[in-house]
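Q: Just so it is clear, I am handing over my_file_17.cif, which has mmCIF, C-alpha atoms.
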data_upload
#
loop_
_atom_site.label_atom_id
_atom_site.label_comp_id
_atom_site.auth_asym_id
_atom_site.auth_seq_id
_atom_site.Cartn_x
_atom_site.Cartn_y
_atom_site.Cartn_z
CA MET A 6 0.00 0.00 0.00
CA PRO A 7 1.28 3.49 -0.73
CA ALA A 8 2.75 5.21 2.35
CA LYS A 9 0.29 7.09 4.58
CA VAL A 10 -2.76 7.18 2.34
CA GLU A 11 -5.82 8.98 3.60
CA ILE A 12 -9.14 7.43 2.61
CA SER A 13 -12.30 9.39 3.37
CA ASN A 14 -15.44 7.69 4.65
CA ALA A 15 -17.06 8.04 1.23
CA GLU A 16 -14.00 6.52 -0.47
CA TRP A 17 -14.18 3.61 1.99
CA GLU A 18 -17.71 2.86 0.79
CA ILE A 19 -16.45 2.57 -2.78
CA MET A 20 -13.49 0.43 -1.73
CA ARG A 21 -15.72 -1.95 0.22
CA LEU A 22 -17.71 -2.55 -2.95
CA LEU A 23 -14.63 -2.92 -5.14
CA TRP A 24 -13.02 -5.41 -2.75
CA THR A 25 -16.24 -7.42 -2.68
CA LEU A 26 -16.95 -7.27 -6.41
CA LYS A 27 -13.24 -7.45 -7.48
CA SER A 28 -14.03 -4.93 -10.26
CA ALA A 29 -16.88 -2.66 -11.31
CA THR A 30 -17.80 0.07 -13.74
CA SER A 31 -18.73 3.54 -12.51
CA ARG A 32 -22.31 2.79 -13.61
CA GLN A 33 -22.45 -0.36 -11.44
CA LEU A 34 -20.99 1.51 -8.48
CA THR A 35 -23.39 4.42 -8.97
CA GLU A 36 -26.39 2.06 -9.01
CA LEU A 37 -25.30 0.44 -5.75
CA LEU A 38 -24.27 3.65 -4.00
CA SER A 39 -27.25 5.72 -5.14
CA ALA A 40 -29.56 3.11 -3.65
CA LYS A 41 -27.77 3.32 -0.30
CA PHE A 42 -26.66 6.97 -0.16
CA GLN A 43 -28.53 8.71 -3.02
CA TRP A 44 -25.17 9.62 -4.61
CA LYS A 45 -25.19 11.07 -8.11
CA PRO A 46 -22.96 9.72 -10.90
CA ALA A 47 -20.72 12.80 -10.66
CA THR A 48 -20.10 12.12 -6.96
CA VAL A 49 -19.08 8.51 -7.63
CA LYS A 50 -16.83 9.54 -10.52
CA THR A 51 -15.16 12.22 -8.41
CA LEU A 52 -14.47 9.74 -5.63
CA LEU A 53 -13.16 7.17 -8.12
CA ARG A 54 -10.83 9.78 -9.62
CA ARG A 55 -9.50 10.65 -6.15
CA LEU A 56 -8.89 6.98 -5.41
CA ALA A 57 -7.13 6.58 -8.75
CA ASP A 58 -4.99 9.66 -8.09
CA LYS A 59 -3.96 8.09 -4.78
CA LYS A 60 -3.17 4.83 -6.64
CA ILE A 61 -5.73 2.96 -4.52
CA VAL A 62 -7.76 1.92 -7.57
CA ARG A 63 -6.64 0.99 -11.06
CA ILE A 64 -8.66 1.98 -14.14
CA GLU A 65 -9.03 0.10 -17.41
CA LYS A 66 -10.90 1.52 -20.38
CA ASN A 67 -13.23 -0.98 -22.07
CA GLY A 68 -14.83 0.71 -25.05
CA ARG A 69 -16.72 3.70 -23.68
CA ALA A 70 -16.84 2.34 -20.15
CA PHE A 71 -14.16 2.40 -17.46
CA THR A 72 -13.66 -0.57 -15.16
CA TYR A 73 -12.23 0.02 -11.71
CA TYR A 74 -10.15 -2.48 -9.74
CA PRO A 75 -8.84 -2.32 -6.19
CA ASN A 76 -5.12 -1.66 -6.31
CA VAL A 77 -4.44 -2.32 -2.63
CA PRO A 78 -5.14 -5.42 -0.53
CA GLU A 79 -8.22 -5.16 1.65
CA GLN A 80 -6.86 -6.64 4.89
CA GLU A 81 -3.61 -4.66 4.74
CA THR A 82 -5.53 -1.44 4.08
CA ILE A 83 -7.91 -2.10 6.98
CA GLU A 84 -5.00 -2.83 9.31
CA HIS A 85 -3.18 0.33 8.18
CA GLN A 86 -6.29 2.43 8.84
CA LEU A 87 -6.90 0.82 12.22
CA MET A 88 -3.29 1.24 13.36
CA ASP A 89 -3.41 4.87 12.27
CA SER A 90 -6.50 5.37 14.44
CA VAL A 91 -5.01 3.51 17.41
CA GLY A 92 -1.89 5.66 17.11
CA LYS A 93 -4.01 8.71 17.88
CA ILE A 94 -5.11 7.32 21.26
CA CYS A 95 -3.09 7.65 24.46
CA GLN A 96 -1.53 4.22 24.97
CA MET A 97 -3.00 4.14 28.49
CA HIS A 98 -6.49 3.92 26.89
CA VAL A 99 -5.82 1.50 24.02
CA GLY A 100 -6.52 -1.68 26.03
CA ARG A 101 -9.88 -0.48 27.33
CA THR A 102 -10.80 0.82 23.89
CA LEU A 103 -9.99 -2.53 22.24
CA ASP A 104 -12.00 -4.28 24.97
CA GLU A 105 -15.04 -2.13 24.13
CA VAL A 106 -14.59 -2.78 20.41
CA ILE A 107 -14.43 -6.54 21.00
CA LYS A 108 -17.60 -6.38 23.11
CA GLU A 109 -19.50 -4.55 20.38
CA VAL A 110 -18.43 -6.16 17.07
CA PRO A 111 -19.68 -9.53 15.84
CA LEU A 112 -16.97 -12.22 15.98
CA THR A 113 -16.88 -15.85 14.95
CA GLN A 114 -15.71 -18.56 17.32
CA ASP A 115 -12.53 -18.83 15.24
CA ASP A 116 -11.98 -15.07 15.61
CA ILE A 117 -12.32 -15.38 19.39
CA LEU A 118 -9.93 -18.34 19.56
CA ARG A 119 -7.36 -16.43 17.46
CA LEU A 120 -7.72 -13.37 19.72
CA GLN A 121 -7.30 -15.52 22.83
CA GLU A 122 -4.10 -17.03 21.44
CA THR A 123 -2.75 -13.60 20.46
CA LEU A 124 -3.48 -12.25 23.93
CA ARG A 125 -1.94 -15.31 25.57
CA MET A 126 1.29 -14.70 23.61
CA LYS A 127 1.19 -10.93 24.28
CA LEU A 128 0.72 -11.50 28.02
CA ARG A 129 4.18 -13.12 28.31
CA ASN A 130 6.00 -9.81 27.75
CA ALA A 131 3.35 -7.26 28.65
CA PRO A 132 4.23 -4.58 31.18
CA THR A 133 2.07 -4.20 34.28
CA LYS A 134 1.47 -0.52 33.47
CA LEU A 135 1.77 1.73 30.41
CA GLU A 136 2.90 5.33 30.66
CA CYS A 137 1.03 8.12 28.96
CA ASN A 138 2.55 8.83 25.55
CA CYS A 139 0.70 12.06 24.85
CA LEU A 140 2.78 15.11 24.11
CA SER A 141 0.91 17.18 26.68
CA CYS A 142 1.49 14.56 29.39
CA SER A 143 5.21 14.18 28.65
CA GLN A 144 5.66 17.96 28.82
CA TRP A 145 4.33 17.96 32.39
CA LYS A 146 6.85 15.29 33.44
CA GLU A 147 9.91 17.33 32.40
#
What is this structure when it is put down as structure tokens?
A:
Amino acid sequence: MPAKVEISNAEWEIMRLLWTLKSATSRQLTELLSAKFQWKPATVKTLLRRLADKKIVRIEKNGRAFTYYPNVPEQETIEHQLMDSVGKICQMHVGRTLDEVIKEVPLTQDDILRLQETLRMKLRNAPTKLECNCLSCSQWKE
């Protein structure tokens, strides 16, 4: 994935469809997105152009139509976005925040088993306490 790419919420909606469909024309995307969000064709095309400019989607011309393909892997992009968000939280609050997320999102039994194993491994070297890593907090300690 290109370094530090920003994807807006609207662009995420397009990417979710492209990852699911593997490819789509702007007309197909407009039909799906207008049903859900009442987006006009110009809106979809603008968002697709932005994604193409960021090298997140690839475009192929097929006659008069353009076909769009995801140019970045879904899981890697999700992880990048999530880690970017987690990096904005004081590390003292990350554990509780992840706990709340886990409580709220649907998970399969396999997901839960994988999480349990990851936490079991992480526990071996985990500190008993994390220090605040916020700039404002570290300034007060000096």
Q: Compare A:Asp104, A:Glu79, A:Glu11, A:Asp58 by their minimum atom-to-atom distance to Leu124 in chain A, counting all atoms listed in the file, and give me the closest one.
A: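 Once distances to Leu124 in chain A are computed over all atoms listed in the file, the minimum belongs to A:Asp104.
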Q: Measure the distance from CA of Cys137 in chain A to CA of Cys95 in chain A in Å and round it to one decimal.
A: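 Interatomic distance here is 6.1 Å.
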Q: I want to know what sits within 12 Å of range 126-131 of chain A, based on all atoms listed in the file, with residues of the same chain fewer than 6 positions away left out; could you give that as a compact mmCIF listing (two decimals) with C-alpha atoms, in the coordinates of the input?
A:
# COMPACT_ATOMS: atom_id res chain seq x y z
CA GLY A 100 -6.52 -1.68 26.03
CA ARG A 119 -7.36 -16.43 17.46
CA LEU A 120 -7.72 -13.37 19.72
Q: Might you spell out which residues the PyMOL selection byres ((chain A and resi 71) around 12) would select in the displayed file, as a ChimeraX atom specification?
A: /A:28-34,50,53-54,57,62-70,72-74
Q: Could you tell me how far CA of Thr123 in chain A sits from CA of His98 in chain A, in Å to one decimal place?
A: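 These atoms are spaced 19.0 Å apart.
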Q: Given only C-alpha atoms as the basis, pick out the residue of A:Thr35, A:Gln96, A:Gln86, A:Asn14 nearest to Glu136 in chain A.
A: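 Comparing A:Thr35, A:Gln96, A:Gln86, A:Asn14 against Glu136 in chain A, the winner is A:Gln96.
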Q: Using Å and a single decimal, report how far CA of Met97 in chain A sits from CA of Lys134 in chain A.
A: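 A separation of 8.2 Å between them.
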